[in-house]
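Read the structure below first, then the notes.
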Amino acid sequence: MNKPLDEPAFPSPTSGSVAERSEAGWGARPASFARGSSPSPALPEGREGEERRVLRTEIEDFLFREADLLDNWKLDEWLTLLTDDAAYYVPPNDKPDADHRFTLFTIADDMVRLRERVIRLKDPNCHAEYPPSRTRRLITNVRIVGVDGETIAIAANFAVYRYRRGEQVREFVGQYRHKLRLLDGVLKIAERRAILDAHELGAMGSVSFIL
Amino acid sequence: MNDQYTGPGNTHPGSHNGHPLVRESREKLSFSVNRAVFVSRELFEREQRAVFDRCWIYVGHASEIRNPGDYRTRSVAGRPVIFCRDRDGNVHGLINSCRHRGAVVCREREGNVRNFYCMYHGWTYNTDGSLRGVPGEDSYPPSFDKAVMGLAHVPRLESYRDFYFANFDHDAVDLATYLAGAKSYIDLVVDQSPSGRMEIISGVQEYDIKANWKLLVENSVDDYHLIATHATWLNYMRNSGVNVSPPKGQLLPTTGLGKNLGNGHLTTDNPNYRGRPVARWISVYGEDAKTDIEAIRAELVARLGEARAARVADTNRNLAIFPNLVINDGSSVTVRNFTPVAPDLMHVTAWALGPVEETEAQRARRLHAFLTFYGPGGFATPDDVAVLECAQQGYASWREVPWNDLSRGMGKNEHTNTDEEHLRVFWRRWSELMEARP
């Protein structure tokens with residue numbers, strides 16, 4: 001693959017009790033967070049200052065729940081999983097590691113356009129997705145690849161099968177590289193990046209649903 | 001090759017099983033296209049020879065091969081082609097096939113090389129195509145002449161304002177003559193750069209549409225479909241504070257023209273309401289972009305004068321260069337090339353084009369605007385794809401329902417962008433070529 005994960009998506013944590021990397025590799029141990037002077041409501045009273053530890057299994061549960069919402073077209077509920085300043089990217093197939101400010105992406109939504117995308121997807125006039133495609137997402141190889149303050153960089157492999165009546169199945173295979181953020185102790189998506197493995201979109205055609 | 005169609009007034013030449021491919025009546029004001037042209041394998045093969053082997057076909061843009069040794073591999077009229085710049089800076093269109101046994105000698109999408117290497121027997125070629133090395137050369141007979149065994153070149157390669165085209169017909173008219181009235185619309189694109197230098201922006205969109213390629217020509221310039229097909233995009237514009245309400249009795253917010261540019265080329269030419277990076281602000285760009293776009297506008301006026309600046313910055317043009325290149329010059333500039341693969345399948349390749357001088361903020365704004373409408377993840381293109389695929393599905397009944405209607409606007413003196421006169425321009429030229437096949 002041309003997208004190695006040798007380097008974490010964030011610089012190494014420099015202070016505090018944030019997650020330590022070990023020889024055992026990312027994901028083997030939890031990402032931990034010192035709550036410090038900003039006590040988290042998620043922690044019981046009197047335990048402010050303790051670590052809020054995020055386990056890989058917790059990330060997995062979060063991604064599985066997200067996948068379930070998307071596969072069931074519960075898009076408004078899905079939006080609540082995102083931070084107010086979230087972004088959603090699908091890089092072009094020929095430049096998977098590029099920056100959307102300098103490179104033409106397939107999708108590069110800020111939160112304003114992402115909300116509009118959901119409005120569009122719920123509209124029967126969204127011809128590419130009406131009736132809505134049936135999709136099934138398989139998510140595996142979930143890893144925590146970096147931690148910076150309250151932000152956790154994760155990687156996960158995906159296979160999304162998209163079915164429409166009378167059509168051959170269309171398979172979207174690739175890797176998610178998200179940035180999740182703990183907001184008041186709750187995981188949210190701050191940046192959602194779906195990187196496709198194929199050299200071109202080709203028979204996948206459009207990315208008209210949320211990938 | 002005239003700017004105005006002067007052919008026979010009734011039935012157009014070219015036929016399929018004894019039926020005309022395109023049928024026009026000047027008396028009855030009717031124009032229909034035989035649906036066989038979208039499904040017939042025989043017509044598809046004829047089209048490859050009569051249209052794609054005779055017309056100028058887009059290859060690439062000079063900015064994609066800036067430096068000596070730069071190359072891009074492309075499919076041009078069905079042939080594997082290396083679009084490259086040699087060590088001396090000359091641009092070539094090389095046929096990507098070893099002269100020995102035919103294997104492609106360059107398999108990467110793009111890059112920079114000293115030479116091309118055939119992995120079969122190790123022949124190497126210079127970037128000007130000449131044969132450089134043959135392993136075990138001493139075993140070849142005296143008649144073997146390395147000097148004539150270089151990679152073949154496309155028969156003709158010419159450019160207009162950095163857009164390179166190839167022609168597989170040695171006897172074709174030169175590119176400038178061929179482009180006819182389309183040249184002035186390419187000029188309107190290039191004039192957006194202070195130095196007259198536009199560049200293809202990194203990142204390519206390549207996707208299939210399960211429909212006949214001619215449907216995308218129609219769709220790219222057909223403004224009649226906007227209201228029904230792109231209702232969700234119009235809604236997004238409305239939600240973003242852009243006035244998209246048509247005046248009473250009109251279909252769209254502004255009324256533009258559909259123009260015949262000669263030789264089958266055509267364009268829409270519309271007063272802008274959708275915003276332009278160069279240079280008309282709309283609310284979608286955000287308040288902080290206002291001053292910057294005003295500055296771009298001021299540069300245009302200083303360089304081109306008020307009238308020309310307004311021509312560049314206040315109209316949107318969807319330009320179709322016959323047969324298979326579309327340049328959408330509006331909310332961004334897209335260069336969209338499409339290649340027929342089968343009667344019911346095309347490969348689409350789309351790029352964004354921008355002035356080389358753009359700042360980071362301007363470039364980001366252009367790309368953001370591009371994705372709002374265009375591309376496989378845009379708010380409009382996926383619906384176009386869906387519509388074209390639905391049309392293709394409908395043509396399975398071509399025997400029972402043989403004709404598409406394209407009579408909209410016939411008999412009018414002036415043709416608007418929501419009429420179909422500019423679509424008829426394409427079809428007249430296409431059927432002319434189909435009849436004149438060698």
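Letters for chains follow the order of the structure tokens (A, B, ...), residue numbers begin at 1 for each chain, and ligand numbers begin at 1 in the order shown.
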With 7 Å as the limit and counting only C-alpha atoms, what residues in chain B lie close to chain A? Please list them as an MDAnalysis selection string. chainID B and resid 201:209 231:232 236 352 363:364 367 371 375:377 382:383 386
Contact residues around B:Pro68 with only C-alpha atoms at 7 Å, ignoring same-chain residues under 6 positions, as a list of chain:residue names: B:Arg85, B:Asp86, B:Arg87, B:Asp88, B:Gly89
Can you list, as JSON, numbers by chain, every protein, DNA or RNA residue that comes within 8 Å of stretch 256-262 of chain B when you count only C-alpha atoms, leaving out same-chain residues fewer than 5 positions away? {"B": [1, 2, 3, 4, 179, 180, 181, 182, 267, 268, 269, 270, 271, 414, 415, 416, 417, 418, 419, 420, 421, 422, 425]}
Dump N, CA and C atoms for the selected residues as a PDB file, in the first residue's frame?
ATOM      1  N   MET B   1     -17.453  22.076 -42.522  1.00  0.00           N
ATOM      2  CA  MET B   1     -16.521  22.888 -41.747  1.00  0.00           C
ATOM      3  C   MET B   1     -16.974  24.356 -41.644  1.00  0.00           C
ATOM      4  N   ASN B   2     -18.216  24.625 -42.005  1.00  0.00           N
ATOM      5  CA  ASN B   2     -18.697  26.004 -41.890  1.00  0.00           C
ATOM      6  C   ASN B   2     -19.210  26.266 -40.490  1.00  0.00           C
ATOM      7  N   ASP B   3     -19.281  27.531 -40.149  1.00  0.00           N
ATOM      8  CA  ASP B   3     -19.793  27.866 -38.830  1.00  0.00           C
ATOM      9  C   ASP B   3     -21.280  27.539 -38.718  1.00  0.00           C
ATOM     10  N   GLN B   4     -22.002  27.766 -39.782  1.00  0.00           N
ATOM     11  CA  GLN B   4     -23.438  27.469 -39.769  1.00  0.00           C
ATOM     12  C   GLN B   4     -23.686  26.197 -40.566  1.00  0.00           C
ATOM     13  N   LEU B 179     -10.779  24.132 -34.380  1.00  0.00           N
ATOM     14  CA  LEU B 179     -11.439  24.680 -33.184  1.00  0.00           C
ATOM     15  C   LEU B 179     -12.408  25.806 -33.531  1.00  0.00           C
ATOM     16  N   ALA B 180     -12.206  26.452 -34.660  1.00  0.00           N
ATOM     17  CA  ALA B 180     -13.133  27.483 -35.156  1.00  0.00           C
ATOM     18  C   ALA B 180     -13.530  28.445 -34.028  1.00  0.00           C
ATOM     19  N   GLY B 181     -14.832  28.619 -33.813  1.00  0.00           N
ATOM     20  CA  GLY B 181     -15.313  29.584 -32.825  1.00  0.00           C
ATOM     21  C   GLY B 181     -15.032  29.192 -31.384  1.00  0.00           C
ATOM     22  N   ALA B 182     -14.610  27.945 -31.144  1.00  0.00           N
ATOM     23  CA  ALA B 182     -14.309  27.520 -29.771  1.00  0.00           C
ATOM     24  C   ALA B 182     -13.071  28.236 -29.237  1.00  0.00           C
ATOM     25  N   THR B 267     -21.541  26.022 -27.222  1.00  0.00           N
ATOM     26  CA  THR B 267     -21.400  26.513 -25.846  1.00  0.00           C
ATOM     27  C   THR B 267     -22.703  27.124 -25.361  1.00  0.00           C
ATOM     28  N   THR B 268     -22.845  27.126 -24.039  1.00  0.00           N
ATOM     29  CA  THR B 268     -23.841  28.004 -23.443  1.00  0.00           C
ATOM     30  C   THR B 268     -23.114  29.293 -23.080  1.00  0.00           C
ATOM     31  N   ASP B 269     -23.859  30.360 -22.957  1.00  0.00           N
ATOM     32  CA  ASP B 269     -23.245  31.655 -22.661  1.00  0.00           C
ATOM     33  C   ASP B 269     -24.262  32.411 -21.808  1.00  0.00           C
ATOM     34  N   ASN B 270     -24.064  32.327 -20.484  1.00  0.00           N
ATOM     35  CA  ASN B 270     -25.120  32.745 -19.564  1.00  0.00           C
ATOM     36  C   ASN B 270     -24.680  33.841 -18.607  1.00  0.00           C
ATOM     37  N   PRO B 271     -25.548  34.842 -18.385  1.00  0.00           N
ATOM     38  CA  PRO B 271     -25.253  35.796 -17.304  1.00  0.00           C
ATOM     39  C   PRO B 271     -25.095  35.036 -15.991  1.00  0.00           C
ATOM     40  N   GLU B 414     -33.655  33.567 -31.993  1.00  0.00           N
ATOM     41  CA  GLU B 414     -32.518  33.514 -31.081  1.00  0.00           C
ATOM     42  C   GLU B 414     -32.697  32.310 -30.169  1.00  0.00           C
ATOM     43  N   HIS B 415     -31.600  31.563 -29.973  1.00  0.00           N
ATOM     44  CA  HIS B 415     -31.709  30.320 -29.208  1.00  0.00           C
ATOM     45  C   HIS B 415     -31.133  30.489 -27.813  1.00  0.00           C
ATOM     46  N   THR B 416     -31.976  30.234 -26.814  1.00  0.00           N
ATOM     47  CA  THR B 416     -31.526  30.383 -25.428  1.00  0.00           C
ATOM     48  C   THR B 416     -30.828  29.112 -24.964  1.00  0.00           C
ATOM     49  N   ASN B 417     -30.220  29.206 -23.784  1.00  0.00           N
ATOM     50  CA  ASN B 417     -29.512  28.066 -23.214  1.00  0.00           C
ATOM     51  C   ASN B 417     -30.446  26.935 -22.810  1.00  0.00           C
ATOM     52  N   THR B 418     -31.751  27.223 -22.646  1.00  0.00           N
ATOM     53  CA  THR B 418     -32.673  26.134 -22.320  1.00  0.00           C
ATOM     54  C   THR B 418     -33.362  25.585 -23.563  1.00  0.00           C
ATOM     55  N   ASP B 419     -33.063  26.157 -24.734  1.00  0.00           N
ATOM     56  CA  ASP B 419     -33.479  25.528 -25.983  1.00  0.00           C
ATOM     57  C   ASP B 419     -32.497  24.407 -26.325  1.00  0.00           C
ATOM     58  N   GLU B 420     -32.742  23.764 -27.466  1.00  0.00           N
ATOM     59  CA  GLU B 420     -31.867  22.639 -27.819  1.00  0.00           C
ATOM     60  C   GLU B 420     -31.128  22.836 -29.138  1.00  0.00           C
ATOM     61  N   GLU B 421     -31.094  24.095 -29.602  1.00  0.00           N
ATOM     62  CA  GLU B 421     -30.399  24.332 -30.869  1.00  0.00           C
ATOM     63  C   GLU B 421     -28.912  23.973 -30.765  1.00  0.00           C
ATOM     64  N   HIS B 422     -28.291  24.316 -29.632  1.00  0.00           N
ATOM     65  CA  HIS B 422     -26.863  23.997 -29.511  1.00  0.00           C
ATOM     66  C   HIS B 422     -26.631  22.490 -29.419  1.00  0.00           C
ATOM     67  N   VAL B 425     -26.586  21.244 -32.928  1.00  0.00           N
ATOM     68  CA  VAL B 425     -25.292  21.507 -33.575  1.00  0.00           C
ATOM     69  C   VAL B 425     -24.399  20.274 -33.476  1.00  0.00           C
TER      70      VAL B 425
END
Identify, on the basis of only C-alpha atoms, every residue whose closest approach to B:Arg336 does not exceed 10 Å; exclude the query and any residue fewer than 4 positions from it along the same chain; express the result as a list in words. Tyr58, Gln205, Glu206, Ser220, Ala320, Asn324, Leu325, Val326, Ile327, Asn328, Val348, Thr349, Ala350, Trp351, Ala352 and Gly375 of chain B
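Atom CA of A:Lys179 is positioned 8.5 Å from atom CA of A:Arg193.
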From the list B:Thr315, B:Phe31, B:Lys214, B:Ala369, which residue is nearest B:Phe44 when using only C-alpha atoms? B:Lys214
From a backbone DSSP assignment, name each residue in stretch 33-178 of chain B labelled strand (DSSP E or B), as a count of residues only. 49
Compile the contact shell of A:Ala190 as JSON, numbers by chain: residues with an atom at most 6 Å away, counting only C-alpha atoms, same-chain residues fewer than 4 positions apart removed. {"A": [83, 86, 179, 180]}
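Of the residues listed (B:Leu188, B:Ile200, B:Val217, B:Val39), B:Val217 shows the shortest atom-to-atom separation from B:Asn337; distances use only C-alpha atoms.
Atom pair atom CA of B:Gln392 / atom CA of B:Leu345: separated by 9.4 Å.
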Would you mind listing what lies within 9 Å of B:Ser240 as a tab-separated table (two decimals) with N, CA and C atoms, in the first residue's frame, with only C-alpha atoms counted and same-chain residues fewer than 4 positions away left out?
chain	number	residue	atom	x	y	z
B	235	ASN	N	-31.56	24.00	-4.07
B	235	ASN	CA	-31.98	24.15	-2.68
B	235	ASN	C	-30.80	24.54	-1.78
B	236	TYR	N	-29.65	23.91	-2.04
B	236	TYR	CA	-28.43	24.23	-1.30
B	236	TYR	C	-28.04	25.69	-1.54
B	283	SER	N	-22.64	34.57	-1.73
B	283	SER	CA	-22.57	34.35	-0.28
B	283	SER	C	-21.89	33.04	0.09
B	284	VAL	N	-21.92	32.03	-0.81
B	284	VAL	CA	-21.31	30.74	-0.50
B	284	VAL	C	-19.81	30.89	-0.19
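Nearest residue to A:Asp68 among A:Ile144, A:Leu182, A:Val160, A:Leu114 is A:Val160, counting only C-alpha atoms.
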Considering only C-alpha atoms, return as an NGL selection string whatever protein or nucleic-acid residues lie within 9 Å of B:Val244, sequence-local ones (same chain, fewer than 6 positions apart) excluded. :B and (234-235 or 237-238 or 252-254 or 273-274)
Selection to disk with N, CA and C atoms, as a PDB file, in the first residue's frame:
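Output file result_16.pdb is given in full below:
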ATOM      1  N   LEU B 234     -30.016  23.433  -6.248  1.00  0.00           N
ATOM      2  CA  LEU B 234     -30.661  24.747  -6.170  1.00  0.00           C
ATOM      3  C   LEU B 234     -31.094  25.045  -4.738  1.00  0.00           C
ATOM      4  N   ASN B 235     -31.561  24.005  -4.069  1.00  0.00           N
ATOM      5  CA  ASN B 235     -31.979  24.149  -2.675  1.00  0.00           C
ATOM      6  C   ASN B 235     -30.797  24.538  -1.784  1.00  0.00           C
ATOM      7  N   MET B 237     -28.108  26.121  -2.809  1.00  0.00           N
ATOM      8  CA  MET B 237     -27.789  27.525  -3.122  1.00  0.00           C
ATOM      9  C   MET B 237     -28.727  28.455  -2.347  1.00  0.00           C
ATOM     10  N   ARG B 238     -30.003  28.129  -2.376  1.00  0.00           N
ATOM     11  CA  ARG B 238     -31.022  28.936  -1.685  1.00  0.00           C
ATOM     12  C   ARG B 238     -30.703  28.990  -0.183  1.00  0.00           C
ATOM     13  N   LEU B 252     -34.964  29.660 -15.376  1.00  0.00           N
ATOM     14  CA  LEU B 252     -33.754  29.810 -14.568  1.00  0.00           C
ATOM     15  C   LEU B 252     -33.589  31.261 -14.136  1.00  0.00           C
ATOM     16  N   PRO B 253     -32.731  31.512 -13.132  1.00  0.00           N
ATOM     17  CA  PRO B 253     -32.540  32.882 -12.632  1.00  0.00           C
ATOM     18  C   PRO B 253     -32.108  33.857 -13.722  1.00  0.00           C
ATOM     19  N   THR B 254     -31.292  33.388 -14.670  1.00  0.00           N
ATOM     20  CA  THR B 254     -30.913  34.256 -15.788  1.00  0.00           C
ATOM     21  C   THR B 254     -31.154  33.487 -17.078  1.00  0.00           C
ATOM     22  N   TYR B 273     -25.093  33.845 -12.211  1.00  0.00           N
ATOM     23  CA  TYR B 273     -25.786  34.018 -10.931  1.00  0.00           C
ATOM     24  C   TYR B 273     -25.204  33.079  -9.883  1.00  0.00           C
ATOM     25  N   ARG B 274     -24.267  32.195 -10.330  1.00  0.00           N
ATOM     26  CA  ARG B 274     -23.758  31.139  -9.457  1.00  0.00           C
ATOM     27  C   ARG B 274     -22.419  31.485  -8.840  1.00  0.00           C
TER      28      ARG B 274
END
Find the distance between atom CA of B:Val173 and atom CA of B:Arg54 and write it in Å to one decimal. 9.7 Å
DSSP-assigned helix (DSSP H, G or I) members of stretch 52-136 of chain B, reported as a PyMOL selection string: chain B and resi 52+62-65
